[in-house]
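Here the structure is laid out as structure tokens; the discussion comes afterwards.
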Amino acid sequence: MLSQITTLMKYKPSIFIKTTCLLSLVFLLFSCASRKDIVYYQNIDTIKAGQNTNSYEVKIQPDDLLMIIVSAEDPEIALPFNLTTVATQNNSNLQAATSQVLIQSYLVDKNGNIEFPVLGKLQIGGLTRTEALQLLKDKIGVYIKNPIINMRIMNFKISMQGEVNIPGTYTVTSERVTLIEALSMAKDMTIYGKRDNILVIREANGIKSYNRVDITKADFINSPFYYLAQNDVVYIEPNRTKVNASAVGPNTSVIISAISILISLSVLIFK
């Protein structure tokens with residue numbers, strides 16, 4: 001093929017230029033990306049300012065690890081309702097032992113239950129955090145007047161896969177994270193990610209669902225998947241450019257042969 005190119009450049013420079021331009025044009029046609037494939041929130045101007053978006057609160061699921069702290073005006077009264085352990089640490093410099101109270105966590109079992117001090121088994125799986133807190137307040141309120149209860153999911157995490165700059169599993173310190181925040185944690189999508197077909201895999205009540213989100217349209221903020229739930233998996237599919245590029249390596253010889261044929265045909269046609 002190299003000899004053919006050299007011959008074409010030497011004896012038919014105008015043909016070589018035309019062929020090069022033709023190949024360049026074909027390359028540009030197949031490599032150009034459309035604005036609608038890249039830009040986020042393209043129709044955001046159609047959404048009225050101040051329009052209410054969907055509200056979302058996570059639901060407690062099996063295998064969630066909960067930290068629940070019960071407080072009262074009299075701390076002694078609340079002690080039986082807290083799982084605590086005392087960790088003793090030796091200080092070699094002072095030759096003394098110090099104790100630290102550690103709050104233990106509650107693991108939600110496969111049936112959505114936890115074993116709570118005094119109250120026994122409680123069914124909280126499937127409840128939102130607000131509903132679970134109200135349940136605890138109602139039951140503990142029988143023993144303590146105006147109890148203060150704090151609850152937090154300790155193992156809230158999401159997984160980012162595919163065409164993001166830093167794929168991986170991310171721990172979320174709050175209990176409310178949006179898809180955009182998750183993408184930011186993964187340093188956003190690569191230029192090869194399909195922004196109009198993001199897959200969100202979610203499990204609720206033991207049933208997995210597979211959902212598609214288009215973030216090129218601003219109205220996705222009203223989608224049920226604008227807010228992510230614990231253990232959600234977000235997969236960014238590669239676009240056609242990335243898929244085609246992945247095939248260049250094993251098909252290099254085919255591409256070279258095709259270019260050789262094009263050049264040979266150009267020589268014959270314009271001879």
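Labeling convention for the structure tokens: chains A, B, ... as they appear, residues from 1 per chain, ligands from 1 in order of appearance.
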Each residue of segment 189-255 of chain A lying at most 6 Å from segment 164-177 of chain A should get a row with its shortest atom-to-atom pair and the distance in Å to one decimal, counting only C-alpha atoms; could you produce that, ordered by chain and increasing number, as JSON lines?
```
{"residue": "A:Met189", "atom": "CA", "partner": "A:Val164", "partner_atom": "CA", "distance": 4.1}
{"residue": "A:Thr190", "atom": "CA", "partner": "A:Val164", "partner_atom": "CA", "distance": 5.3}
{"residue": "A:Tyr227", "atom": "CA", "partner": "A:Val177", "partner_atom": "CA", "distance": 5.7}
{"residue": "A:Leu228", "atom": "CA", "partner": "A:Val177", "partner_atom": "CA", "distance": 5.8}
```
* **segment 191-205 of chain A environment, 7 Å, only C-alpha atoms, sequence neighbours closer than 5 positions dropped, as a PyMOL selection string** => chain A and resi 37-38+163+210-216+232-239+241-242
Students should find that atom CA of Ala186 of chain A and atom CA of Met160 of chain A are spaced 7.0 Å
Correct to one decimal, the distance atom CA of Phe225 of chain A-atom CA of Thr178 of chain A is 8.1 Å
Identify, on the basis of only C-alpha atoms, every residue whose closest approach to Glu115 of chain A does not exceed 12 Å; exclude the query and any residue fewer than 2 positions from it along the same chain; express the result as an mmCIF file with N, CA and C atoms, in the first residue's frame.
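Result file follows (part28.cif):
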```cif
data_model
loop_
_atom_site.group_PDB
_atom_site.id
_atom_site.type_symbol
_atom_site.label_atom_id
_atom_site.label_comp_id
_atom_site.auth_asym_id
_atom_site.auth_seq_id
_atom_site.Cartn_x
_atom_site.Cartn_y
_atom_site.Cartn_z
ATOM 1 N N LEU A 66 -27.960 0.477 60.579
ATOM 2 C CA LEU A 66 -28.556 1.681 61.150
ATOM 3 C C LEU A 66 -27.908 2.052 62.478
ATOM 4 N N ILE A 68 -28.964 4.075 65.627
ATOM 5 C CA ILE A 68 -30.144 4.655 66.269
ATOM 6 C C ILE A 68 -29.761 5.064 67.685
ATOM 7 N N PHE A 81 -32.489 1.843 76.105
ATOM 8 C CA PHE A 81 -32.930 1.829 74.711
ATOM 9 C C PHE A 81 -31.778 2.037 73.729
ATOM 10 N N ASN A 82 -30.555 1.998 74.246
ATOM 11 C CA ASN A 82 -29.387 2.169 73.392
ATOM 12 C C ASN A 82 -28.468 0.961 73.510
ATOM 13 N N LEU A 83 -28.012 0.453 72.356
ATOM 14 C CA LEU A 83 -27.013 -0.606 72.356
ATOM 15 C C LEU A 83 -25.638 0.045 72.473
ATOM 16 N N SER A 105 -24.478 -0.595 66.035
ATOM 17 C CA SER A 105 -25.419 -0.438 64.924
ATOM 18 C C SER A 105 -26.399 -1.602 64.875
ATOM 19 N N TYR A 106 -27.507 -1.371 64.202
ATOM 20 C CA TYR A 106 -28.536 -2.388 64.021
ATOM 21 C C TYR A 106 -28.505 -2.844 62.563
ATOM 22 N N LEU A 107 -28.385 -4.134 62.347
ATOM 23 C CA LEU A 107 -28.403 -4.684 60.999
ATOM 24 C C LEU A 107 -29.815 -5.139 60.660
ATOM 25 N N VAL A 108 -30.365 -4.590 59.585
ATOM 26 C CA VAL A 108 -31.707 -4.987 59.147
ATOM 27 C C VAL A 108 -31.603 -6.355 58.489
ATOM 28 N N ASP A 109 -32.364 -7.328 59.004
ATOM 29 C CA ASP A 109 -32.266 -8.683 58.459
ATOM 30 C C ASP A 109 -33.015 -8.799 57.139
ATOM 31 N N ASN A 111 -35.698 -10.045 56.363
ATOM 32 C CA ASN A 111 -37.143 -9.817 56.447
ATOM 33 C C ASN A 111 -37.488 -8.380 56.809
ATOM 34 N N GLY A 112 -36.465 -7.537 56.955
ATOM 35 C CA GLY A 112 -36.714 -6.134 57.268
ATOM 36 C C GLY A 112 -36.860 -5.844 58.745
ATOM 37 N N ASN A 113 -36.386 -6.761 59.598
ATOM 38 C CA ASN A 113 -36.549 -6.590 61.046
ATOM 39 C C ASN A 113 -35.240 -6.208 61.719
ATOM 40 N N PRO A 117 -33.621 -2.937 71.779
ATOM 41 C CA PRO A 117 -33.685 -3.125 73.240
ATOM 42 C C PRO A 117 -35.055 -2.755 73.804
ATOM 43 N N VAL A 118 -35.511 -3.535 74.728
ATOM 44 C CA VAL A 118 -36.796 -3.347 75.424
ATOM 45 C C VAL A 118 -37.974 -3.656 74.510
ATOM 46 N N LEU A 119 -37.962 -3.091 73.292
ATOM 47 C CA LEU A 119 -39.111 -3.238 72.389
ATOM 48 C C LEU A 119 -39.133 -4.575 71.665
ATOM 49 N N GLY A 120 -37.983 -5.225 71.512
ATOM 50 C CA GLY A 120 -37.921 -6.502 70.807
ATOM 51 C C GLY A 120 -37.845 -6.320 69.299
ATOM 52 N N LYS A 121 -38.430 -7.249 68.566
ATOM 53 C CA LYS A 121 -38.340 -7.225 67.104
ATOM 54 C C LYS A 121 -39.253 -6.150 66.526
ATOM 55 N N LEU A 122 -38.660 -5.329 65.626
ATOM 56 C CA LEU A 122 -39.419 -4.281 64.955
ATOM 57 C C LEU A 122 -39.303 -4.437 63.451
ATOM 58 N N GLN A 123 -40.429 -4.325 62.757
ATOM 59 C CA GLN A 123 -40.454 -4.389 61.300
ATOM 60 C C GLN A 123 -40.307 -2.973 60.746
ATOM 61 N N ILE A 124 -39.133 -2.670 60.208
ATOM 62 C CA ILE A 124 -38.920 -1.321 59.666
ATOM 63 C C ILE A 124 -38.504 -1.353 58.197
#
```
note - atom CA of Pro147 of chain A and atom CA of Ala132 of chain A are separated by 14.0 Å
* To do: Extract the full set of helix (DSSP H, G or I) residues from segment 60-228 of chain A according to DSSP on the backbone, and format it as a ChimeraX atom specification.
  => /A:75-81,129-140,179-185,218-222
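For Asn150 of chain A, the non-local neighbours within 10 Å, defined as residues at least 5 positions apart in the same chain or in other chains and counting only C-alpha atoms, are Met67, Ile68, Ile69, Val70, Ser71, Arg129 and Leu133 of chain A.
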- Query: Neighbours of Glu131 of chain A within 10 Å (only C-alpha atoms; same-chain residues fewer than 6 positions away dropped), as a ChimeraX atom specification?
  - Reply: /A:59-60,124,137
Deliver the residues from the most recent selection as a file, using C-alpha atoms, as a PDB file, in the first residue's frame.
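Output saved as out36.pdb:
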```
ATOM      1  CA  LYS A  59     -36.553   3.499  52.267  1.00  0.00           C
ATOM      2  CA  ILE A  60     -34.871   1.158  54.696  1.00  0.00           C
ATOM      3  CA  ILE A 124     -38.920  -1.321  59.666  1.00  0.00           C
ATOM      4  CA  LYS A 137     -41.246   7.447  68.913  1.00  0.00           C
TER       5      LYS A 137
END
```
